[in-house]
Amino acid sequence: MSKFISKEKKEVPALSTSSLPDIVFMILFFFMVTVTMRESTVLVKQGMPTASEAQKLEKKSLVSFIYIGSPLDAKLGTEARIQLNDQFATVASIPEFIASEREARDEVDRKQLTTSLKVDQNVKMGIVVDVKQELRQCNALKISYSSIKKKEGN
């Protein structure tokens with residue numbers, strides 16, 4: 001028996017890239033489904049108080065947030081400020097904010113709209129009372145306070 005020896009050098013076959021677009025689209029779809037976008041950037045300190053009887057809100061899509069705390073940027077001062085969406089506001093601009101939040105919802109959901117106050121634990125109650133009075137005047141009566149649930153044993 002004789003051996004057949006080829007004098008040609010064998011080349012490595014080219015890498016198939018036909019499935020590459022499928023893989024890229026699967027990864028893109030995965031990130032589109034799993035990543036949630038933050039609705040607003042918090043510009044105030046948020047040291048949430050603890051609560052022993054905290055409950056979770058059922059429909060977070062029907063919640064409007066009002067942030068109250070001292071600004072993160074020291075250039076803006078240390079006095080407590082109100083943040084509506086992505087900008088600082090005054091108590092007088094709350095009715096306009098509530099009206100815009102109501103307009104953004106379906107008519108069926110407008111009565112279920114809840115205003116959640118995310119208040120820093122070091123804020124004095126005067127500004128919180130002013131915000132609550134303004135909410136009462138514009139008939140936004142469902143108010144909740146955001147807090148951190150107290151751990152058992154503390």
# chains A, B, ... in the order shown; residues from 1 in each chain; ligands from 1
>>> select_by_dssp(residues="stretch 73-147 of chain A", states="strand (DSSP E or B)", output="compact mmCIF listing (two decimals) with N, CA, C and O atoms, in the first residue's frame")
# COMPACT_ATOMS: atom_id res chain seq x y z
N ARG A 81 -35.81 72.07 48.76
CA ARG A 81 -36.41 72.50 47.50
C ARG A 81 -37.39 71.42 47.03
O ARG A 81 -37.27 70.26 47.40
N ILE A 82 -38.31 71.82 46.17
CA ILE A 82 -39.28 70.91 45.59
C ILE A 82 -38.84 70.59 44.17
O ILE A 82 -38.46 71.48 43.42
N GLN A 83 -38.91 69.31 43.80
CA GLN A 83 -38.58 68.90 42.44
C GLN A 83 -39.81 68.24 41.82
O GLN A 83 -40.35 67.29 42.35
N LEU A 84 -40.23 68.78 40.69
CA LEU A 84 -41.32 68.21 39.90
C LEU A 84 -40.72 67.80 38.56
O LEU A 84 -40.13 68.61 37.86
N GLN A 87 -37.00 69.21 37.18
CA GLN A 87 -36.58 70.57 37.49
C GLN A 87 -37.13 71.02 38.83
O GLN A 87 -38.13 70.51 39.31
N PHE A 88 -36.44 71.99 39.40
CA PHE A 88 -36.89 72.56 40.66
C PHE A 88 -38.12 73.43 40.41
O PHE A 88 -38.26 74.04 39.35
N ALA A 89 -39.01 73.48 41.40
CA ALA A 89 -40.24 74.24 41.25
C ALA A 89 -40.61 74.86 42.59
O ALA A 89 -39.99 74.61 43.61
N THR A 114 -52.40 58.78 42.17
CA THR A 114 -51.85 58.97 43.51
C THR A 114 -50.62 59.86 43.42
O THR A 114 -49.80 59.70 42.53
N THR A 115 -50.51 60.80 44.35
CA THR A 115 -49.33 61.65 44.42
C THR A 115 -48.47 61.14 45.56
O THR A 115 -48.91 61.07 46.70
N SER A 116 -47.25 60.75 45.24
CA SER A 116 -46.34 60.22 46.25
C SER A 116 -45.30 61.29 46.59
O SER A 116 -44.65 61.82 45.71
N LEU A 117 -45.17 61.57 47.87
CA LEU A 117 -44.19 62.54 48.34
C LEU A 117 -42.94 61.78 48.77
O LEU A 117 -42.98 60.98 49.71
N LYS A 118 -41.85 62.02 48.09
CA LYS A 118 -40.56 61.44 48.47
C LYS A 118 -39.79 62.54 49.17
O LYS A 118 -39.17 63.39 48.54
N VAL A 119 -39.86 62.52 50.48
CA VAL A 119 -39.32 63.59 51.31
C VAL A 119 -38.11 63.09 52.06
O VAL A 119 -38.14 62.01 52.67
N ILE A 143 -52.74 60.85 48.59
CA ILE A 143 -51.33 61.17 48.85
C ILE A 143 -50.70 60.00 49.60
O ILE A 143 -51.30 59.43 50.51
N SER A 144 -49.49 59.66 49.21
CA SER A 144 -48.73 58.65 49.94
C SER A 144 -47.34 59.20 50.22
O SER A 144 -46.85 60.06 49.51
N TYR A 145 -46.75 58.69 51.28
CA TYR A 145 -45.38 59.06 51.63
C TYR A 145 -44.48 57.86 51.32
O TYR A 145 -44.75 56.75 51.75
>>> residues_around(residues="stretch 39-47 of chain A", least_positions_apart="2", cutoff="6 Å", atoms="only C-alpha atoms", output="MDAnalysis selection string")
chainID A and resid 69:72 85:86 120:121
>>> write_last_selection(atoms="N, CA and C atoms", output="short mmCIF file (atom, residue, chain, number, x, y, z; two decimals), in the first residue's frame")
data_model
loop_
_atom_site.label_atom_id
_atom_site.label_comp_id
_atom_site.auth_asym_id
_atom_site.auth_seq_id
_atom_site.Cartn_x
_atom_site.Cartn_y
_atom_site.Cartn_z
N GLY A 69 -36.31 67.92 49.20
CA GLY A 69 -35.06 67.73 49.92
C GLY A 69 -34.08 68.83 49.56
N SER A 70 -32.96 68.81 50.21
CA SER A 70 -31.95 69.81 49.88
C SER A 70 -31.24 69.38 48.60
N PRO A 71 -30.83 70.34 47.76
CA PRO A 71 -30.22 70.01 46.46
C PRO A 71 -28.92 69.22 46.61
N LEU A 72 -28.68 68.33 45.66
CA LEU A 72 -27.43 67.57 45.64
C LEU A 72 -26.25 68.48 45.30
N ASN A 85 -40.86 66.53 38.22
CA ASN A 85 -40.22 65.96 37.03
C ASN A 85 -38.71 66.19 37.12
N ASP A 86 -38.08 66.86 36.18
CA ASP A 86 -36.63 67.01 36.18
C ASP A 86 -36.17 68.41 36.54
N ASP A 120 -37.04 63.86 52.03
CA ASP A 120 -35.84 63.54 52.79
C ASP A 120 -36.17 63.60 54.28
N GLN A 121 -35.59 62.71 55.06
CA GLN A 121 -35.93 62.64 56.48
C GLN A 121 -35.46 63.85 57.28
#
>>> closest_atom_pairs(of="stretch 5-97 of chain A", to="stretch 126-137 of chain A", cutoff="10 Å", atoms="only C-alpha atoms", output="CSV")
residue,atom,partner,partner_atom,distance
A:Ile66,CA,A:Val131,CA,9.1
A:Ile68,CA,A:Val128,CA,7.8
A:Gly69,CA,A:Ile127,CA,9.7
A:Ala80,CA,A:Ile127,CA,7.8
A:Arg81,CA,A:Ile127,CA,8.4
A:Ile82,CA,A:Ile127,CA,8.5
A:Thr90,CA,A:Val131,CA,9.2
A:Val91,CA,A:Val131,CA,6.0
A:Ala92,CA,A:Glu134,CA,7.6
A:Ser93,CA,A:Glu134,CA,9.2
A:Ile94,CA,A:Glu134,CA,6.8
A:Pro95,CA,A:Glu134,CA,7.2
>>> select_by_dssp(residues="stretch 4-87 of chain A", states="helix (DSSP H, G or I)", output="PyMOL selection string")
chain A and resi 20-34+60-62+74-76
>>> write_last_selection(atoms="N, CA, C and O atoms", output="mmCIF file, in the first residue's frame")
data_model
loop_
_atom_site.group_PDB
_atom_site.id
_atom_site.type_symbol
_atom_site.label_atom_id
_atom_site.label_comp_id
_atom_site.auth_asym_id
_atom_site.auth_seq_id
_atom_site.Cartn_x
_atom_site.Cartn_y
_atom_site.Cartn_z
ATOM 1 N N LEU A 20 -24.479 35.842 12.601
ATOM 2 C CA LEU A 20 -24.112 37.000 13.424
ATOM 3 C C LEU A 20 -25.245 38.025 13.559
ATOM 4 O O LEU A 20 -25.515 38.482 14.671
ATOM 5 N N PRO A 21 -25.958 38.404 12.513
ATOM 6 C CA PRO A 21 -27.071 39.353 12.704
ATOM 7 C C PRO A 21 -28.164 38.815 13.630
ATOM 8 O O PRO A 21 -28.745 39.570 14.407
ATOM 9 N N ASP A 22 -28.427 37.525 13.576
ATOM 10 C CA ASP A 22 -29.422 36.938 14.471
ATOM 11 C C ASP A 22 -29.009 37.085 15.930
ATOM 12 O O ASP A 22 -29.815 37.429 16.800
ATOM 13 N N ILE A 23 -27.752 36.842 16.195
ATOM 14 C CA ILE A 23 -27.247 36.949 17.564
ATOM 15 C C ILE A 23 -27.305 38.397 18.043
ATOM 16 O O ILE A 23 -27.728 38.677 19.159
ATOM 17 N N VAL A 24 -26.928 39.331 17.193
ATOM 18 C CA VAL A 24 -26.960 40.747 17.560
ATOM 19 C C VAL A 24 -28.380 41.180 17.870
ATOM 20 O O VAL A 24 -28.643 41.872 18.862
ATOM 21 N N PHE A 25 -29.351 40.779 17.057
ATOM 22 C CA PHE A 25 -30.731 41.165 17.299
ATOM 23 C C PHE A 25 -31.306 40.503 18.546
ATOM 24 O O PHE A 25 -32.117 41.095 19.249
ATOM 25 N N MET A 26 -30.884 39.284 18.853
ATOM 26 C CA MET A 26 -31.339 38.642 20.082
ATOM 27 C C MET A 26 -30.820 39.398 21.303
ATOM 28 O O MET A 26 -31.555 39.639 22.265
ATOM 29 N N ILE A 27 -29.568 39.803 21.289
ATOM 30 C CA ILE A 27 -29.002 40.566 22.402
ATOM 31 C C ILE A 27 -29.672 41.926 22.511
ATOM 32 O O ILE A 27 -30.023 42.372 23.611
ATOM 33 N N LEU A 28 -29.893 42.586 21.396
ATOM 34 C CA LEU A 28 -30.580 43.877 21.398
ATOM 35 C C LEU A 28 -31.992 43.747 21.960
ATOM 36 O O LEU A 28 -32.417 44.552 22.797
ATOM 37 N N PHE A 29 -32.716 42.746 21.536
ATOM 38 C CA PHE A 29 -34.069 42.518 22.033
ATOM 39 C C PHE A 29 -34.056 42.228 23.532
ATOM 40 O O PHE A 29 -34.903 42.724 24.283
ATOM 41 N N PHE A 30 -33.097 41.443 23.994
ATOM 42 C CA PHE A 30 -32.990 41.132 25.423
ATOM 43 C C PHE A 30 -32.821 42.406 26.247
ATOM 44 O O PHE A 30 -33.508 42.612 27.244
ATOM 45 N N PHE A 31 -31.932 43.307 25.821
ATOM 46 C CA PHE A 31 -31.723 44.544 26.569
ATOM 47 C C PHE A 31 -32.922 45.476 26.482
ATOM 48 O O PHE A 31 -33.225 46.191 27.425
ATOM 49 N N MET A 32 -33.606 45.481 25.349
ATOM 50 C CA MET A 32 -34.794 46.326 25.231
ATOM 51 C C MET A 32 -35.897 45.868 26.177
ATOM 52 O O MET A 32 -36.652 46.676 26.708
ATOM 53 N N VAL A 33 -36.002 44.584 26.411
ATOM 54 C CA VAL A 33 -37.044 44.044 27.277
ATOM 55 C C VAL A 33 -36.684 44.203 28.751
ATOM 56 O O VAL A 33 -37.531 44.530 29.577
ATOM 57 N N THR A 34 -35.442 44.007 29.107
ATOM 58 C CA THR A 34 -35.073 43.967 30.523
ATOM 59 C C THR A 34 -34.702 45.308 31.130
ATOM 60 O O THR A 34 -34.848 45.495 32.334
ATOM 61 N N LYS A 60 -47.935 51.325 39.862
ATOM 62 C CA LYS A 60 -46.944 52.401 39.857
ATOM 63 C C LYS A 60 -47.116 53.332 38.666
ATOM 64 O O LYS A 60 -46.603 54.436 38.672
ATOM 65 N N SER A 61 -47.827 52.898 37.647
ATOM 66 C CA SER A 61 -48.044 53.767 36.486
ATOM 67 C C SER A 61 -49.003 54.908 36.812
ATOM 68 O O SER A 61 -49.060 55.894 36.094
ATOM 69 N N LEU A 62 -49.757 54.779 37.898
ATOM 70 C CA LEU A 62 -50.707 55.814 38.300
ATOM 71 C C LEU A 62 -50.165 56.687 39.428
ATOM 72 O O LEU A 62 -50.919 57.328 40.139
ATOM 73 N N ALA A 74 -24.250 71.621 45.773
ATOM 74 C CA ALA A 74 -24.087 72.587 46.870
ATOM 75 C C ALA A 74 -24.207 74.033 46.390
ATOM 76 O O ALA A 74 -24.492 74.926 47.184
ATOM 77 N N LYS A 75 -24.011 74.273 45.091
ATOM 78 C CA LYS A 75 -24.117 75.634 44.552
ATOM 79 C C LYS A 75 -25.547 76.160 44.638
ATOM 80 O O LYS A 75 -25.769 77.359 44.628
ATOM 81 N N LEU A 76 -26.515 75.263 44.704
ATOM 82 C CA LEU A 76 -27.921 75.664 44.736
ATOM 83 C C LEU A 76 -28.423 75.912 46.153
ATOM 84 O O LEU A 76 -29.599 76.209 46.340
#
>>> residues_around(residues="A:Lys56", least_positions_apart="2", cutoff="12 Å", atoms="only C-alpha atoms", output="list in words")
Ala51, Glu53, Ala54, Glu58, Lys59, Lys60, Val63, Ser116, Ser144, Tyr145, Ser146, Ser147, Ile148 and Lys149 of chain A
>>> write_last_selection(atoms="N, CA and C atoms", output="compact mmCIF listing (two decimals), in the first residue's frame")
# COMPACT_ATOMS: atom_id res chain seq x y z
N ALA A 51 -40.31 53.02 57.98
CA ALA A 51 -41.69 52.86 58.45
C ALA A 51 -41.93 51.39 58.79
N GLU A 53 -45.08 50.02 59.14
CA GLU A 53 -46.31 49.56 58.50
C GLU A 53 -46.39 50.02 57.06
N ALA A 54 -45.36 49.81 56.29
CA ALA A 54 -45.31 50.25 54.89
C ALA A 54 -46.03 49.25 53.99
N GLU A 58 -49.92 49.44 44.32
CA GLU A 58 -50.23 48.40 43.36
C GLU A 58 -49.93 48.81 41.93
N LYS A 59 -50.38 49.98 41.51
CA LYS A 59 -50.15 50.42 40.14
C LYS A 59 -49.20 51.60 40.14
N LYS A 60 -47.94 51.33 39.86
CA LYS A 60 -46.94 52.40 39.86
C LYS A 60 -47.12 53.33 38.67
N VAL A 63 -48.85 56.72 39.59
CA VAL A 63 -48.23 57.48 40.68
C VAL A 63 -47.42 58.63 40.10
N SER A 116 -47.25 60.75 45.24
CA SER A 116 -46.34 60.22 46.25
C SER A 116 -45.30 61.29 46.59
N SER A 144 -49.49 59.66 49.21
CA SER A 144 -48.73 58.65 49.94
C SER A 144 -47.34 59.20 50.22
N TYR A 145 -46.75 58.69 51.28
CA TYR A 145 -45.38 59.06 51.63
C TYR A 145 -44.48 57.86 51.32
N SER A 146 -43.43 58.11 50.58
CA SER A 146 -42.48 57.03 50.28
C SER A 146 -41.53 56.86 51.45
N SER A 147 -41.24 55.60 51.77
CA SER A 147 -40.34 55.30 52.89
C SER A 147 -39.68 53.96 52.63
N ILE A 148 -38.78 53.62 53.52
CA ILE A 148 -38.10 52.33 53.47
C ILE A 148 -38.72 51.49 54.58
N LYS A 149 -39.04 50.24 54.25
CA LYS A 149 -39.66 49.36 55.23
C LYS A 149 -38.65 48.99 56.32
